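Have a look at data22.txt below; it lists compact mmCIF, C-alpha atoms.
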```txt
# COMPACT_ATOMS: atom_id res chain seq x y z
CA MET S 26 -12.32 9.44 -6.79
CA ASP S 27 -9.59 10.75 -9.12
CA ASP S 28 -6.13 10.59 -7.59
CA GLY S 29 -4.18 10.30 -10.82
CA ASP S 30 -4.06 6.50 -10.79
CA ARG S 31 -6.18 6.35 -13.90
CA ARG S 32 -3.81 8.45 -16.03
CA PRO S 33 -0.57 7.02 -17.50
CA GLY S 34 2.19 7.76 -14.98
CA ARG S 35 5.43 9.46 -15.89
CA ARG S 36 7.43 6.37 -14.99
CA ALA S 37 5.17 4.18 -17.10
CA LEU S 38 5.83 6.46 -20.07
CA LEU S 39 9.55 6.32 -19.38
CA ILE S 40 9.47 2.55 -19.43
CA GLY S 41 7.54 2.59 -22.70
CA GLY S 42 10.14 4.95 -24.17
CA ALA S 43 12.98 2.78 -22.96
CA VAL S 44 11.51 -0.29 -24.63
CA ALA S 45 10.83 1.59 -27.87
CA THR S 46 14.34 2.98 -28.17
CA ALA S 47 15.93 -0.43 -27.42
CA GLY S 48 18.39 0.73 -24.83
CA ALA S 49 18.85 4.34 -25.83
CA LEU S 50 17.76 5.27 -22.32
CA ALA S 51 19.14 3.28 -19.37
CA LEU S 52 16.74 3.08 -16.42
CA ALA S 53 17.99 2.37 -12.94
CA HIS S 54 17.55 -1.19 -11.70
CA ASP S 55 15.35 -0.13 -8.77
CA GLU S 56 12.95 1.64 -11.15
CA LEU S 57 12.58 -1.52 -13.18
CA ALA S 58 12.04 -3.53 -10.01
CA ARG S 59 9.28 -1.17 -8.91
CA LEU S 60 7.50 -1.03 -12.23
CA TYR S 61 8.01 -4.36 -13.95
CA TRP S 62 4.37 -5.25 -13.28
CA ARG S 63 3.26 -2.50 -15.65
CA LEU S 64 4.80 -4.32 -18.60
CA PRO S 65 2.46 -6.58 -20.63
CA GLY S 66 2.23 -10.14 -19.42
CA VAL S 67 4.23 -9.63 -16.22
CA GLU S 68 2.24 -9.99 -13.01
CA ARG S 69 2.55 -11.91 -9.77
CA GLN S 70 0.32 -14.96 -9.81
CA ARG S 71 -2.84 -14.60 -7.73
CA VAL S 72 -4.91 -17.38 -6.21
CA PRO S 73 -8.65 -16.71 -6.71
CA GLY S 74 -10.36 -16.01 -3.41
CA ALA S 75 -7.13 -15.87 -1.39
CA VAL S 76 -7.07 -13.43 1.53
CA ASP S 77 -4.24 -11.74 3.42
CA PHE S 78 -5.96 -11.78 6.82
CA ALA S 79 -6.93 -15.14 8.29
CA GLY S 80 -10.68 -15.49 8.69
CA ALA S 81 -11.58 -12.72 6.28
CA ARG S 82 -14.30 -13.30 3.71
CA TRP S 83 -13.33 -12.60 0.11
CA VAL S 84 -15.67 -10.40 -1.97
CA ALA S 85 -13.93 -8.93 -5.00
CA ALA S 86 -14.07 -5.20 -5.72
CA SER S 87 -14.36 -4.01 -9.30
CA PRO S 88 -10.95 -3.98 -11.03
CA ALA S 89 -11.77 -0.39 -12.01
CA ASN S 90 -11.45 0.63 -8.36
CA TYR S 91 -7.84 -0.48 -7.87
CA ARG S 92 -4.77 -1.31 -9.92
CA HIS S 93 -2.54 -4.34 -9.88
CA ALA S 94 0.82 -3.95 -8.21
CA ASP S 95 3.39 -6.06 -6.38
CA ARG S 96 3.65 -4.37 -3.02
CA PRO S 97 5.85 -4.06 -1.09
CA ASP S 98 8.41 -4.78 -3.86
CA ASP S 99 7.28 -1.91 -6.06
CA TYR S 100 5.83 0.34 -3.35
CA PRO S 101 6.76 0.06 0.34
CA VAL S 102 3.73 -0.09 2.62
CA ASP S 103 4.03 2.16 5.69
CA ARG S 104 0.49 3.28 6.55
CA VAL S 105 -2.89 1.93 7.58
CA VAL S 106 -5.75 4.32 6.79
CA VAL S 107 -8.92 4.09 8.90
CA HIS S 108 -12.22 4.89 7.13
CA VAL S 109 -15.92 4.89 7.99
CA THR S 110 -18.42 3.85 5.32
CA GLN S 111 -21.17 6.37 6.08
CA GLY S 112 -23.64 3.60 5.28
CA GLY S 113 -24.34 -0.08 5.73
CA TYR S 114 -22.24 -3.10 4.80
CA ALA S 115 -24.28 -4.07 1.73
CA SER S 116 -24.16 -0.55 0.30
CA ALA S 117 -20.40 -0.36 0.83
CA VAL S 118 -19.85 -3.63 -1.02
CA LYS S 119 -22.18 -2.49 -3.79
CA VAL S 120 -20.28 0.74 -4.48
CA PHE S 121 -16.89 -0.99 -4.26
CA GLN S 122 -18.10 -3.42 -6.93
CA ASP S 123 -19.36 -0.57 -9.13
CA PRO S 124 -16.72 0.32 -11.74
CA ALA S 125 -18.11 3.85 -11.99
CA HIS S 126 -17.39 4.51 -8.31
CA GLN S 127 -13.62 4.65 -8.88
CA ALA S 128 -12.84 3.93 -5.23
CA ALA S 129 -12.60 0.97 -2.87
CA ALA S 130 -10.73 -0.08 0.27
CA HIS S 131 -8.85 -3.29 0.92
CA TYR S 132 -11.06 -4.30 3.86
CA ILE S 133 -14.45 -3.70 5.46
CA VAL S 134 -15.01 -4.40 9.17
CA ARG S 135 -18.61 -4.84 10.35
CA ALA S 136 -20.16 -4.03 13.74
CA ASP S 137 -20.07 -7.74 14.63
CA GLY S 138 -16.33 -7.84 13.92
CA ARG S 139 -16.51 -9.82 10.70
CA VAL S 140 -13.89 -8.82 8.14
CA THR S 141 -14.34 -8.75 4.37
CA GLN S 142 -11.38 -8.35 2.02
CA LEU S 143 -12.11 -6.86 -1.40
CA ILE S 144 -8.63 -6.08 -2.73
CA ARG S 145 -5.34 -7.90 -2.14
CA GLU S 146 -2.83 -5.93 -0.10
CA LEU S 147 -0.27 -6.24 -2.88
CA ASP S 148 -2.56 -4.11 -5.08
CA VAL S 149 -3.13 -0.34 -4.91
CA ALA S 150 -6.68 0.46 -3.80
CA PHE S 151 -8.17 3.84 -4.67
CA HIS S 152 -9.27 4.72 -1.15
CA ALA S 153 -7.36 7.72 0.18
CA GLY S 154 -7.89 10.40 -2.48
CA ASN S 155 -4.11 10.83 -2.73
CA ARG S 156 -2.06 8.78 -5.16
CA SER S 157 1.07 8.61 -3.00
CA PHE S 158 -0.92 7.51 0.05
CA ASN S 159 -2.83 4.96 -2.00
CA GLU S 160 0.43 3.42 -3.11
CA ARG S 161 1.87 3.23 0.40
CA SER S 162 -1.16 2.24 2.49
CA VAL S 163 -3.77 -0.38 3.29
CA GLY S 164 -7.32 0.97 3.65
CA ILE S 165 -9.79 -0.36 6.24
CA GLU S 166 -13.45 0.69 6.12
CA HIS S 167 -15.64 0.42 9.21
CA VAL S 168 -19.39 0.10 8.78
CA GLY S 169 -21.20 3.01 10.38
CA PHE S 170 -21.48 6.77 10.56
CA VAL S 171 -18.96 9.27 11.88
CA GLU S 172 -21.67 11.11 13.81
CA ASP S 173 -22.95 7.97 15.59
CA PRO S 174 -20.70 6.68 18.41
CA LYS S 175 -22.79 3.50 18.61
CA SER S 176 -21.42 2.49 15.22
CA PHE S 177 -18.09 1.61 16.80
CA THR S 178 -18.74 -1.56 18.77
CA ASP S 179 -16.43 -3.56 21.02
CA ALA S 180 -16.34 -6.33 18.42
CA MET S 181 -15.43 -3.89 15.67
CA TYR S 182 -12.58 -2.32 17.64
CA ALA S 183 -11.17 -5.70 18.65
CA SER S 184 -11.36 -7.22 15.17
CA SER S 185 -10.04 -4.15 13.37
CA ALA S 186 -7.19 -3.84 15.87
CA ARG S 187 -6.15 -7.43 15.13
CA LEU S 188 -6.27 -6.66 11.42
CA THR S 189 -4.15 -3.53 11.83
CA ALA S 190 -1.69 -5.43 14.03
CA ALA S 191 -1.32 -8.10 11.34
CA ILE S 192 -0.74 -5.48 8.63
CA CYS S 193 1.84 -3.65 10.75
CA ALA S 194 3.62 -6.93 11.48
CA ARG S 195 3.62 -7.92 7.82
CA TYR S 196 5.31 -4.71 6.67
CA GLY S 197 7.43 -3.95 9.73
CA MET S 198 5.45 -0.87 10.77
CA PRO S 199 5.25 0.44 14.33
CA VAL S 200 1.74 0.47 15.78
CA ASP S 201 1.44 4.20 16.41
CA ARG S 202 -0.42 7.29 15.22
CA GLU S 203 2.22 8.11 12.65
CA HIS S 204 1.64 4.85 10.82
CA VAL S 205 -2.04 4.23 11.66
CA ILE S 206 -4.01 7.28 10.55
CA GLY S 207 -7.52 8.43 9.77
CA HIS S 208 -8.74 9.32 6.30
CA VAL S 209 -9.07 12.91 7.54
CA GLU S 210 -5.27 13.01 7.98
CA VAL S 211 -4.46 12.20 4.35
CA PRO S 212 -3.10 15.32 2.63
CA GLY S 213 -5.62 16.93 0.27
CA THR S 214 -8.63 14.93 1.43
CA ASP S 215 -12.07 16.43 1.97
CA HIS S 216 -13.18 13.55 4.24
CA THR S 217 -13.62 13.72 8.01
CA ASP S 218 -13.63 10.01 8.90
CA PRO S 219 -13.27 8.28 11.25
CA GLY S 220 -14.61 11.33 13.08
CA PRO S 221 -14.63 12.56 16.68
CA HIS S 222 -16.23 9.44 18.16
CA TRP S 223 -13.47 7.08 17.04
CA ASP S 224 -11.43 6.22 20.16
CA TRP S 225 -7.86 6.38 18.94
CA ASP S 226 -6.28 5.67 22.33
CA ARG S 227 -8.34 2.51 22.69
CA TYR S 228 -7.70 1.41 19.13
CA ILE S 229 -3.94 1.84 19.27
CA ARG S 230 -3.79 0.09 22.65
CA LEU S 231 -5.75 -2.87 21.30
CA ALA S 232 -3.63 -3.03 18.15
CA ARG S 233 -0.40 -2.94 20.17
CA ASN S 234 -1.64 -5.75 22.39
CA ALA S 235 -2.60 -7.76 19.32
CA ARG S 236 0.82 -7.07 17.78
CA THR S 237 2.54 -8.31 20.94
CA ALA S 238 0.40 -11.45 20.88
CA LEU S 239 1.39 -12.08 17.27
CA GLY S 240 5.05 -11.80 18.22
CA LYS S 241 4.65 -14.38 20.98
CA THR S 242 2.83 -16.73 18.60
CA SER S 243 5.60 -16.54 16.00
CA ALA S 244 8.43 -16.83 18.55
```

I need this file expressed as C-alpha cells, please.
Amino acid sequence: MDDGDRRPGRRALLIGGAVATAGALALAHDELARLYWRLPGVERQRVPGAVDFAGARWVAASPANYRHADRPDDYPVDRVVVHVTQGGYASAVKVFQDPAHQAAAHYIVRADGRVTQLIRELDVAFHAGNRSFNERSVGIEHVGFVEDPKSFTDAMYASSARLTAAICARYGMPVDREHVIGHVEVPGTDHTDPGPHWDWDRYIRLARNARTALGKTSA
C-alpha cells in the first residue's frame, strides 16, 4: 500500500531546512509540536509489549508497515476504521509482519473475540490507503471474509465494540457512523470491507452501550 507515508513529507523537509538555516525560517510552534518526533533522537519512550487495550495480546507488526508518531499530540485521532482480513488470523499476522507488504492495522479481532494489537495507537499504521486517514484513525481488522456472514460472530461483535468504545473514549470521539467507518468509506480506496453482511446498527449499538459502561466505571 502506497499512501505517501514512505516519501519525505513537505513538513519534514521544512523542518530540515529550518535546522540547516539556523533560524532563517521561523516555523509556528504548533508545527514543531506536531513534528518534533521526526527529528533524530526525539521519540516518546515505548514499553516493549505494552498494549493500549486491556486484555489484548501483543504481536508486533513490521516497522516497515507503520511509522512512529506521538498521537494525538502530533495528529488528532477522530476515526475508527473497520476492516475485514479476507483470510485467516495467521495469514493476517504473517502479512502484517512482512516488511514488503507495506500495510498493517493496529488491531485484529478474531471470531472468538480475542484481540491482538500489532501497532501502538500513538503510531500511524498504513491501513487505510489514504495518508490523511491513516494519520487520524485507528484501524481494526476482523478475521473473515466480506462475502461470508458467518465470519461475524457474536463474540467478534461484542469484543470489537468494546475496543471501539475504548478508542472513542480515549480520544473524545462520539460513537457514531461519522467517526466509526468502514474501509470502503475512506476516500480513494478500492476496498469494499467490511461488506454488506456487517451489521452496522448492531455494532454501533453495542459500542455505545460499552461506551456508557466505561463512563459508569470511571465515574

Shell of 10 Å around stretch 167-175 of chain S, all atoms listed in the file, local chain residues under 2 positions omitted, as a VMD selection string:
chain S and resid 107 to 117 132 to 138 140 165 177 to 179 181 to 182 185 217 to 224

Nearest-residue call for S:Gly164, choices S:Leu188, S:Ala235, S:Met198, S:Val106, using all atoms listed in the file:
S:Val106

Out of S:Thr237, S:Thr189, S:Ser176, S:Asn155, which residue has the shortest atom-to-atom distance to S:Arg202 when counting all atoms listed in the file?
S:Thr189

Between atom CA of S:Val211 and atom CA of S:His93, measure the distance and give it in Å to one decimal.
21.9 Å
